[in-house]
>>> print(open('work_11.cif').read())   # mmCIF, C-alpha atoms
data_protein
loop_
_atom_site.label_atom_id
_atom_site.label_comp_id
_atom_site.auth_asym_id
_atom_site.auth_seq_id
_atom_site.Cartn_x
_atom_site.Cartn_y
_atom_site.Cartn_z
CA MET A 191 0.00 0.00 0.00
CA ARG A 192 2.84 2.39 0.85
CA ALA A 193 4.47 1.80 -2.53
CA PHE A 194 1.19 2.46 -4.32
CA ALA A 195 0.64 5.69 -2.37
CA GLU A 196 4.15 6.90 -3.22
CA ASN A 197 3.63 5.98 -6.87
CA ALA A 198 0.35 7.90 -6.97
CA GLN A 199 1.99 10.97 -5.44
CA GLU A 200 4.82 10.82 -7.97
CA MET A 201 2.17 10.80 -10.73
CA GLY A 202 0.79 14.05 -9.31
CA CYS A 203 -2.30 12.61 -7.63
CA GLU A 204 -3.55 13.89 -4.30
CA VAL A 205 -3.24 11.26 -1.56
CA ALA A 206 -5.00 11.25 1.82
CA ARG A 207 -4.50 8.55 4.43
CA GLN A 208 -7.13 7.39 6.96
CA TYR A 209 -9.66 9.79 5.47
CA PRO A 210 -13.06 10.04 7.25
CA MET A 211 -15.73 9.13 4.69
CA SER A 212 -18.22 11.10 6.78
CA ARG A 213 -16.57 14.14 5.16
CA TYR A 214 -16.97 12.68 1.69
CA THR A 215 -20.50 11.33 1.41
CA SER A 216 -23.65 13.45 1.20
CA LEU A 217 -25.11 11.59 4.19
CA ARG A 218 -22.10 12.46 6.37
CA VAL A 219 -21.67 8.99 7.86
CA GLY A 220 -19.04 6.28 7.54
CA GLY A 221 -15.66 5.27 8.90
CA GLU A 222 -12.21 6.00 7.54
CA ALA A 223 -10.85 4.99 4.16
CA GLU A 224 -7.36 3.59 4.32
CA LEU A 225 -6.30 5.68 1.33
CA VAL A 226 -8.10 8.22 -0.88
CA VAL A 227 -6.36 9.00 -4.16
CA THR A 228 -7.55 11.82 -6.42
CA PRO A 229 -6.21 11.78 -10.00
CA GLY A 230 -6.07 15.03 -11.94
CA SER A 231 -6.78 13.60 -15.38
CA VAL A 232 -8.47 10.66 -17.08
CA ALA A 233 -5.00 9.44 -18.08
CA GLU A 234 -3.96 9.36 -14.42
CA LEU A 235 -7.19 7.57 -13.52
CA CYS A 236 -6.50 4.86 -16.09
CA LYS A 237 -2.89 4.53 -14.91
CA LEU A 238 -4.05 4.04 -11.31
CA LEU A 239 -6.54 1.40 -12.42
CA ASP A 240 -3.82 -0.38 -14.40
CA ILE A 241 -1.64 -0.56 -11.30
CA LEU A 242 -4.43 -1.64 -8.96
CA SER A 243 -5.77 -4.30 -11.32
CA GLY A 244 -2.37 -5.97 -11.23
CA SER A 245 -2.16 -5.94 -7.44
CA ASP A 246 -4.05 -7.48 -4.54
CA ILE A 247 -5.07 -4.08 -3.16
CA PRO A 248 -8.87 -3.68 -2.87
CA TRP A 249 -10.22 -0.52 -4.48
CA VAL A 250 -13.41 1.36 -5.24
CA VAL A 251 -14.20 4.44 -7.35
CA LEU A 252 -16.34 7.25 -5.93
CA GLY A 253 -17.66 10.46 -7.46
CA ALA A 254 -19.54 13.07 -5.47
CA GLY A 255 -20.46 10.65 -2.67
CA SER A 256 -24.21 10.99 -3.16
CA ASN A 257 -26.48 7.94 -2.94
CA THR A 258 -23.69 6.17 -1.06
CA VAL A 259 -23.53 4.72 2.44
CA VAL A 260 -20.13 3.76 3.85
CA TYR A 261 -20.10 1.30 6.74
CA ASP A 262 -18.87 2.55 10.11
CA GLY A 263 -15.86 0.26 9.75
CA GLY A 264 -14.64 2.35 6.84
CA ILE A 265 -13.01 1.10 3.65
CA ASN A 266 -9.99 -1.18 3.37
CA GLY A 267 -7.68 -0.36 0.49
CA VAL A 268 -8.02 2.52 -1.94
CA VAL A 269 -10.80 4.93 -2.76
CA ILE A 270 -10.22 6.59 -6.12
CA SER A 271 -11.98 9.95 -6.11
CA THR A 272 -13.07 11.46 -9.43
CA THR A 273 -13.75 14.90 -7.93
CA LYS A 274 -11.07 16.54 -10.11
CA LEU A 275 -12.28 14.97 -13.37
CA ARG A 276 -14.96 17.53 -14.15
CA ASN A 277 -14.16 18.90 -17.60
CA ILE A 278 -17.24 19.66 -19.72
CA GLU A 279 -17.09 20.59 -23.40
CA ILE A 280 -20.02 21.65 -25.57
CA ARG A 281 -19.33 21.24 -29.26
CA GLU A 282 -20.84 23.01 -32.26
CA ASP A 283 -22.93 19.99 -33.24
CA GLY A 284 -24.75 20.07 -29.89
CA THR A 285 -22.89 17.15 -28.36
CA VAL A 286 -21.64 17.47 -24.81
CA HIS A 287 -18.45 15.69 -23.73
CA ALA A 288 -17.95 15.31 -20.00
CA GLU A 289 -15.47 13.55 -17.75
CA THR A 290 -16.66 10.99 -15.23
CA GLY A 291 -16.53 13.34 -12.25
CA ALA A 292 -18.53 16.15 -13.88
CA ILE A 293 -21.58 17.08 -11.79
CA LEU A 294 -24.83 16.57 -13.69
CA GLY A 295 -26.11 19.95 -12.51
CA ALA A 296 -23.01 21.67 -13.92
CA ILE A 297 -23.65 20.07 -17.30
CA LEU A 298 -27.26 21.23 -17.15
CA ASN A 299 -26.20 24.81 -16.40
CA LYS A 300 -23.88 24.86 -19.40
CA THR A 301 -26.52 23.40 -21.71
CA ILE A 302 -29.05 26.02 -20.57
CA LYS A 303 -26.59 28.82 -21.43
CA ALA A 304 -26.01 27.18 -24.81
CA GLY A 305 -29.76 26.92 -25.46
CA LEU A 306 -29.67 23.13 -25.71
CA THR A 307 -32.52 20.89 -24.61
CA GLY A 308 -32.52 17.25 -23.55
CA PHE A 309 -30.75 17.42 -20.20
CA GLU A 310 -33.45 19.10 -18.13
CA PHE A 311 -34.26 15.82 -16.37
CA ALA A 312 -31.02 16.25 -14.39
CA ALA A 313 -32.31 19.31 -12.51
CA GLY A 314 -31.58 18.69 -8.85
CA ILE A 315 -29.80 15.35 -9.28
CA PRO A 316 -26.63 15.67 -7.14
CA GLY A 317 -24.54 12.96 -8.79
CA THR A 318 -21.81 12.77 -11.42
CA VAL A 319 -21.56 11.48 -14.97
CA GLY A 320 -19.95 8.23 -13.85
CA GLY A 321 -22.54 7.40 -11.22
CA GLY A 322 -25.35 8.74 -13.37
CA VAL A 323 -24.55 6.53 -16.34
CA PHE A 324 -23.81 3.50 -14.17
CA MET A 325 -27.22 3.63 -12.47
CA ASN A 326 -29.14 5.26 -15.33
CA ALA A 327 -30.03 8.20 -13.10
CA GLY A 328 -33.33 9.86 -13.75
CA ALA A 329 -35.91 12.36 -12.56
CA ASN A 330 -38.51 14.74 -13.93
CA GLY A 331 -39.73 12.24 -16.50
CA GLY A 332 -36.34 11.48 -18.06
CA GLU A 333 -33.29 9.24 -17.66
CA ILE A 334 -29.65 9.62 -18.59
CA LYS A 335 -29.98 6.95 -21.28
CA ASP A 336 -32.28 9.27 -23.23
CA SER A 337 -29.50 11.70 -24.16
CA LEU A 338 -26.42 9.46 -23.89
CA THR A 339 -24.73 8.74 -27.23
CA ARG A 340 -21.38 7.23 -26.23
CA VAL A 341 -19.48 6.28 -23.12
CA TRP A 342 -15.81 5.50 -22.57
CA VAL A 343 -14.76 3.01 -19.92
CA TRP A 344 -11.53 1.61 -18.55
CA SER A 345 -11.72 -2.14 -18.99
CA GLY A 346 -9.04 -4.80 -19.09
CA GLY A 347 -6.16 -2.36 -19.02
CA ARG A 348 -7.37 0.06 -21.69
CA GLU A 349 -9.93 2.76 -22.36
CA ILE A 350 -12.62 1.66 -24.80
CA GLU A 351 -15.58 3.41 -26.43
CA ILE A 352 -19.08 1.92 -26.25
CA LYS A 353 -21.97 3.30 -28.28
CA ARG A 354 -25.36 3.90 -26.67
CA GLU A 355 -27.08 1.30 -28.84
CA ASP A 356 -24.70 -1.35 -27.52
CA ILE A 357 -25.67 -0.74 -23.88
CA LYS A 358 -28.79 -2.24 -22.32
CA PHE A 359 -30.42 0.05 -19.78
CA GLU A 360 -33.07 -0.72 -17.19
CA TYR A 361 -34.70 1.28 -14.42
CA ARG A 362 -31.75 2.53 -12.34
CA LYS A 363 -29.34 0.09 -13.95
CA SER A 364 -26.96 -0.15 -16.90
CA HIS A 365 -25.38 -3.26 -18.36
CA LEU A 366 -21.74 -2.35 -18.90
CA PRO A 367 -18.73 -4.72 -18.97
CA ALA A 368 -18.13 -6.30 -15.56
CA GLY A 369 -15.42 -4.52 -13.59
CA CYS A 370 -15.23 -1.54 -15.92
CA VAL A 371 -14.90 2.08 -14.76
CA ILE A 372 -16.63 4.91 -16.63
CA THR A 373 -14.12 7.58 -17.66
CA ARG A 374 -16.04 9.90 -20.02
CA ALA A 375 -19.41 10.24 -21.71
CA GLU A 376 -21.02 12.04 -24.64
CA PHE A 377 -24.57 13.36 -24.77
CA GLY A 378 -26.50 14.40 -27.86
CA LEU A 379 -28.73 17.44 -27.33
CA LYS A 380 -30.84 19.66 -29.58
CA PRO A 381 -31.36 23.43 -29.90
CA GLY A 382 -34.32 24.60 -27.83
CA ASP A 383 -36.13 27.68 -26.60
CA LYS A 384 -33.92 29.00 -23.80
CA GLU A 385 -36.82 30.61 -21.93
CA VAL A 386 -38.83 27.38 -22.00
CA ILE A 387 -35.81 25.37 -20.84
CA GLU A 388 -35.15 27.78 -17.96
CA ARG A 389 -38.82 27.78 -16.95
CA ASN A 390 -39.00 23.98 -16.90
CA VAL A 391 -35.80 23.66 -14.88
CA LYS A 392 -37.05 26.27 -12.40
CA GLU A 393 -40.29 24.32 -11.94
CA TYR A 394 -38.37 21.06 -11.42
CA MET A 395 -36.09 22.68 -8.83
CA GLU A 396 -38.97 24.33 -6.97
CA LYS A 397 -40.83 21.02 -6.80
CA ARG A 398 -37.70 19.28 -5.52
CA SER A 399 -37.26 21.93 -2.84
CA ARG A 400 -40.87 21.47 -1.68
CA THR A 401 -40.87 17.69 -1.65
CA GLN A 402 -37.34 16.55 -0.80
CA PRO A 403 -35.03 17.24 2.19
CA ILE A 404 -32.35 18.98 0.14
CA LYS A 405 -31.31 21.23 3.03
CA MET A 406 -30.31 18.25 5.19
CA SER A 407 -27.58 15.65 4.78
CA ASN A 408 -29.41 12.78 3.11
CA THR A 409 -29.08 9.51 1.24
CA GLY A 410 -30.90 10.49 -1.91
CA SER A 411 -33.56 7.97 -2.92
CA ILE A 412 -33.04 4.88 -0.77
CA PHE A 413 -35.16 2.33 -2.61
CA LYS A 414 -36.07 1.72 -6.21
CA ASN A 415 -39.79 2.10 -6.84
CA PRO A 416 -41.44 -1.34 -6.82
CA PRO A 417 -44.20 -2.11 -9.34
CA ASP A 418 -47.51 -0.31 -8.76
CA ILE A 419 -46.45 1.97 -5.90
CA ALA A 420 -43.79 4.59 -5.25
CA ALA A 421 -41.31 3.56 -2.55
CA GLY A 422 -41.91 6.78 -0.62
CA ARG A 423 -45.66 6.22 -0.60
CA LEU A 424 -45.18 2.62 0.55
CA ILE A 425 -42.91 3.65 3.43
CA GLU A 426 -45.44 6.29 4.43
CA GLU A 427 -48.31 3.79 4.34
CA LEU A 428 -46.25 1.47 6.54
CA GLY A 429 -46.20 4.24 9.16
CA LEU A 430 -42.46 4.85 8.92
CA LYS A 431 -42.42 8.43 7.64
CA GLY A 432 -40.49 10.43 10.25
CA TYR A 433 -39.47 7.25 12.10
CA GLY A 434 -35.91 7.33 13.37
CA ILE A 435 -33.14 5.20 14.81
CA GLY A 436 -30.29 7.02 16.51
CA GLY A 437 -29.46 10.13 14.52
CA ALA A 438 -31.06 8.91 11.29
CA ARG A 439 -34.69 9.06 10.26
CA PHE A 440 -36.98 8.73 7.29
CA SER A 441 -37.60 12.25 6.05
CA GLU A 442 -40.93 13.84 6.88
CA LEU A 443 -40.82 15.58 3.48
CA HIS A 444 -40.20 12.44 1.43
CA ALA A 445 -40.19 9.03 3.09
CA ASN A 446 -37.85 7.50 0.49
CA PHE A 447 -35.03 9.66 1.85
CA ILE A 448 -33.11 9.05 5.05
CA VAL A 449 -31.71 12.18 6.66
CA ASN A 450 -28.90 12.67 9.15
CA ALA A 451 -30.65 14.61 11.89
CA GLY A 452 -27.37 14.89 13.80
CA GLY A 453 -24.80 12.35 14.91
CA ALA A 454 -26.14 9.53 12.74
CA THR A 455 -24.02 6.46 12.08
CA ALA A 456 -24.08 4.11 9.13
CA SER A 457 -25.46 1.49 11.50
CA ASP A 458 -28.45 3.76 12.22
CA VAL A 459 -29.09 4.21 8.50
CA LEU A 460 -28.76 0.53 7.66
CA SER A 461 -31.08 -0.39 10.54
CA LEU A 462 -33.72 1.92 9.06
CA ILE A 463 -33.25 0.33 5.64
CA GLU A 464 -33.69 -3.16 7.09
CA THR A 465 -36.74 -2.04 9.07
CA ALA A 466 -38.45 -0.78 5.91
CA LYS A 467 -37.55 -3.94 3.99
CA LYS A 468 -38.94 -6.15 6.75
CA GLU A 469 -42.16 -4.17 7.12
CA ALA A 470 -42.76 -4.07 3.35
CA ARG A 471 -42.16 -7.80 3.03
CA GLU A 472 -44.24 -8.88 6.01
CA LYS A 473 -47.15 -6.45 5.71
CA ARG A 474 -47.42 -5.95 1.96
CA GLY A 475 -45.55 -8.84 0.38
CA ILE A 476 -43.27 -6.37 -1.41
CA THR A 477 -39.51 -6.77 -1.75
CA LEU A 478 -37.77 -3.40 -1.59
CA GLU A 479 -34.50 -3.09 -3.50
CA THR A 480 -31.97 -0.46 -2.43
CA GLU A 481 -30.98 2.26 -4.88
CA VAL A 482 -28.18 3.55 -2.67
CA ARG A 483 -24.71 2.04 -2.91
CA ILE A 484 -23.52 0.42 0.33
CA ILE A 485 -19.76 -0.11 0.59
CA GLY A 486 -16.97 -0.76 3.09
CA LYS A 487 -16.64 -3.02 6.12
CA LYS A 488 -19.11 -3.36 8.97
#
>>> encode(input="work_11.cif", output="structure tokens")
Amino acid sequence: MRAFAENAQEMGCEVARQYPMSRYTSLRVGGEAELVVTPGSVAELCKLLDILSGSDIPWVVLGAGSNTVVYDGGINGVVISTTKLRNIEIREDGTVHAETGAILGAILNKTIKAGLTGFEFAAGIPGTVGGGVFMNAGANGGEIKDSLTRVWVWSGGREIEIKREDIKFEYRKSHLPAGCVITRAEFGLKPGDKEVIERNVKEYMEKRSRTQPIKMSNTGSIFKNPPDIAAGRLIEELGLKGYGIGGARFSELHANFIVNAGGATASDVLSLIETAKKEAREKRGITLETEVRIIGKK
């Protein structure tokens, strides 16, 4: 591990040891990561992945830390942070090229200024290109697959391009090569009425502010919506809206969000998740599937 850390520093990457993941994730819970390495370019990212794939060091890639719960035991091995890989380029043909760490909201802001439509669905989504493509992020009646045209991934020691038509997408899921890491993506947008785009985005953001706990540290959507009922509605009908364990509770604004009301631990959050799963299964015969990513050691 020491040799890898020194190698990463020599490459120009930022390296942090025993880093508290409660500072990294949007929920503000989680133990320490043994090593957090932040590359400054896609080339550096691929080089790090080449080195790690040939070693026995465990590793995980993280973007903005939204929709992620890190166990209280922290993370063994390396966290590769993409927070410096945020370049966004809008080309004359209306295509948008973005690195894996680019924030979806930042892309939306640039497309609004350029008068391009097709990315409005991303209004209020806190994640990055990498996480967004991986889970086919969506809101406001759209999903990332709708505007995606190409994606580049590190796989098997090289960066490869995959066209949109060669990727199968499902609700909150993409079928990409096993073990790959998204490095860049391209989106195809169209010219639109700037005033209409701005008005729609404003409406989406106002609705989000009214209905979601965006002013509190939160998980994002915890569960995928099961057939026939929204997960938030189900949790509310089960009587769990506002219910808490320790410092965590189901939001009173939107029951499919868990908020950190102060001093929450990952254990508190995971206990709430298991409570909802158990109640849904026993009382309604519904199996809830988590949308959040749960990583680390217990």
>>> residues_around(input="work_11.cif", residues="Val250 of chain A", least_positions_apart="2", cutoff="9 Å", atoms="all atoms listed in the file", output="list in words")
Pro248, Leu252, Ile265, Gly267, Val268, Val269, Ile270, Ser271 and Ile485 of chain A
>>> resolve_selection(input="work_11.cif", expression="the PyMOL selection byres ((chain A and resi 214) around 10)", output="list in words")
Tyr209, Pro210, Met211, Ser212, Arg213, Thr215, Ser216, Leu217, Arg218, Val219, Gly220, Leu252, Gly253, Ala254, Gly255, Ser256, Thr258, Val260 and Ser271 of chain A
>>> resolve_selection(input="work_11.cif", expression="the PyMOL selection byres ((chain A and resi 414) around 10)", output="count of residues only")
17
>>> closest_residue(input="work_11.cif", among="A:Asp262, A:Glu204, A:Asp356, A:Asp336", to="Ala223 of chain A", atoms="all atoms listed in the file")
A:Asp262
>>> residues_near_point(input="work_11.cif", point="(-27.7, 4.0, 10.2)", cutoff="12 Å", atoms="only C-alpha atoms", output="VMD selection string")
chain A and resid 217 to 220 259 to 262 408 to 409 434 to 440 448 to 465 484 488
>>> resolve_selection(input="work_11.cif", expression="the PyMOL selection byres ((chain A and resi 231-243) around 12)", output="tab-separated table (two decimals) with C-alpha atoms, in the coordinates of the input")
chain	number	residue	atom	x	y	z
A	191	MET	CA	0.00	0.00	0.00
A	193	ALA	CA	4.47	1.80	-2.53
A	194	PHE	CA	1.19	2.46	-4.32
A	195	ALA	CA	0.64	5.69	-2.37
A	196	GLU	CA	4.15	6.90	-3.22
A	197	ASN	CA	3.63	5.98	-6.87
A	198	ALA	CA	0.35	7.90	-6.97
A	199	GLN	CA	1.99	10.97	-5.44
A	200	GLU	CA	4.82	10.82	-7.97
A	201	MET	CA	2.17	10.80	-10.73
A	202	GLY	CA	0.79	14.05	-9.31
A	203	CYS	CA	-2.30	12.61	-7.63
A	204	GLU	CA	-3.55	13.89	-4.30
A	226	VAL	CA	-8.10	8.22	-0.88
A	227	VAL	CA	-6.36	9.00	-4.16
A	228	THR	CA	-7.55	11.82	-6.42
A	229	PRO	CA	-6.21	11.78	-10.00
A	230	GLY	CA	-6.07	15.03	-11.94
A	244	GLY	CA	-2.37	-5.97	-11.23
A	245	SER	CA	-2.16	-5.94	-7.44
A	246	ASP	CA	-4.05	-7.48	-4.54
A	247	ILE	CA	-5.07	-4.08	-3.16
A	248	PRO	CA	-8.87	-3.68	-2.87
A	249	TRP	CA	-10.22	-0.52	-4.48
A	250	VAL	CA	-13.41	1.36	-5.24
A	251	VAL	CA	-14.20	4.44	-7.35
A	252	LEU	CA	-16.34	7.25	-5.93
A	267	GLY	CA	-7.68	-0.36	0.49
A	268	VAL	CA	-8.02	2.52	-1.94
A	269	VAL	CA	-10.80	4.93	-2.76
A	270	ILE	CA	-10.22	6.59	-6.12
A	271	SER	CA	-11.98	9.95	-6.11
A	272	THR	CA	-13.07	11.46	-9.43
A	273	THR	CA	-13.75	14.90	-7.93
A	274	LYS	CA	-11.07	16.54	-10.11
A	275	LEU	CA	-12.28	14.97	-13.37
A	276	ARG	CA	-14.96	17.53	-14.15
A	277	ASN	CA	-14.16	18.90	-17.60
A	288	ALA	CA	-17.95	15.31	-20.00
A	289	GLU	CA	-15.47	13.55	-17.75
A	290	THR	CA	-16.66	10.99	-15.23
A	291	GLY	CA	-16.53	13.34	-12.25
A	292	ALA	CA	-18.53	16.15	-13.88
A	342	TRP	CA	-15.81	5.50	-22.57
A	343	VAL	CA	-14.76	3.01	-19.92
A	344	TRP	CA	-11.53	1.61	-18.55
A	345	SER	CA	-11.72	-2.14	-18.99
A	346	GLY	CA	-9.04	-4.80	-19.09
A	347	GLY	CA	-6.16	-2.36	-19.02
A	348	ARG	CA	-7.37	0.06	-21.69
A	349	GLU	CA	-9.93	2.76	-22.36
A	350	ILE	CA	-12.62	1.66	-24.80
A	369	GLY	CA	-15.42	-4.52	-13.59
A	370	CYS	CA	-15.23	-1.54	-15.92
A	371	VAL	CA	-14.90	2.08	-14.76
A	372	ILE	CA	-16.63	4.91	-16.63
A	373	THR	CA	-14.12	7.58	-17.66
A	374	ARG	CA	-16.04	9.90	-20.02
A	375	ALA	CA	-19.41	10.24	-21.71
>>> atom_distance(input="work_11.cif", atom1="atom CA of Val386 of chain A", atom2="atom CA of Thr307 of chain A")
9.4 Å
>>> closest_residue(input="work_11.cif", among="A:Asn266, A:Gln208, A:Thr339, A:Asn299", to="Gly314 of chain A", atoms="all atoms listed in the file")
A:Asn299
>>> closest_residue(input="work_11.cif", among="A:Leu379, A:Glu385, A:Arg354, A:Arg340", to="Ile297 of chain A", atoms="only C-alpha atoms")
A:Leu379
>>> decode(input="work_11.cif", residues="segment 365-382 of chain A", atoms="N, CA and C atoms", output="tab-separated table (two decimals), in the first residue's frame")
chain	number	residue	atom	x	y	z
A	365	HIS	N	-26.13	-2.02	-18.16
A	365	HIS	CA	-25.38	-3.26	-18.36
A	365	HIS	C	-24.09	-2.93	-19.11
A	366	LEU	N	-23.06	-2.64	-18.36
A	366	LEU	CA	-21.74	-2.35	-18.90
A	366	LEU	C	-20.81	-3.51	-18.57
A	367	PRO	N	-19.64	-3.60	-19.25
A	367	PRO	CA	-18.73	-4.72	-18.97
A	367	PRO	C	-18.40	-4.84	-17.49
A	368	ALA	N	-18.41	-6.06	-16.98
A	368	ALA	CA	-18.13	-6.30	-15.56
A	368	ALA	C	-16.75	-5.75	-15.19
A	369	GLY	N	-16.69	-5.04	-14.08
A	369	GLY	CA	-15.42	-4.52	-13.59
A	369	GLY	C	-14.92	-3.27	-14.28
A	370	CYS	N	-15.69	-2.73	-15.21
A	370	CYS	CA	-15.23	-1.54	-15.92
A	370	CYS	C	-15.42	-0.29	-15.06
A	371	VAL	N	-14.75	0.79	-15.43
A	371	VAL	CA	-14.90	2.08	-14.76
A	371	VAL	C	-15.19	3.13	-15.83
A	372	ILE	N	-16.26	3.86	-15.67
A	372	ILE	CA	-16.63	4.91	-16.63
A	372	ILE	C	-15.64	6.06	-16.51
A	373	THR	N	-15.11	6.50	-17.65
A	373	THR	CA	-14.12	7.58	-17.66
A	373	THR	C	-14.67	8.87	-18.27
A	374	ARG	N	-15.49	8.73	-19.33
A	374	ARG	CA	-16.04	9.90	-20.02
A	374	ARG	C	-17.37	9.51	-20.65
A	375	ALA	N	-18.15	10.51	-21.03
A	375	ALA	CA	-19.41	10.24	-21.71
A	375	ALA	C	-19.74	11.37	-22.68
A	376	GLU	N	-20.56	11.04	-23.66
A	376	GLU	CA	-21.02	12.04	-24.64
A	376	GLU	C	-22.54	12.03	-24.67
A	377	PHE	N	-23.12	13.22	-24.72
A	377	PHE	CA	-24.57	13.36	-24.77
A	377	PHE	C	-24.96	14.15	-26.01
A	378	GLY	N	-26.02	13.72	-26.67
A	378	GLY	CA	-26.50	14.40	-27.86
A	378	GLY	C	-27.74	15.23	-27.55
A	379	LEU	N	-27.62	16.55	-27.65
A	379	LEU	CA	-28.73	17.44	-27.33
A	379	LEU	C	-29.16	18.23	-28.57
A	380	LYS	N	-30.29	18.92	-28.45
A	380	LYS	CA	-30.84	19.66	-29.58
A	380	LYS	C	-31.08	21.12	-29.19
A	381	PRO	N	-31.05	22.03	-30.19
A	381	PRO	CA	-31.36	23.43	-29.90
A	381	PRO	C	-32.80	23.56	-29.38
A	382	GLY	N	-32.99	24.41	-28.39
A	382	GLY	CA	-34.32	24.60	-27.83
A	382	GLY	C	-34.57	26.05	-27.47
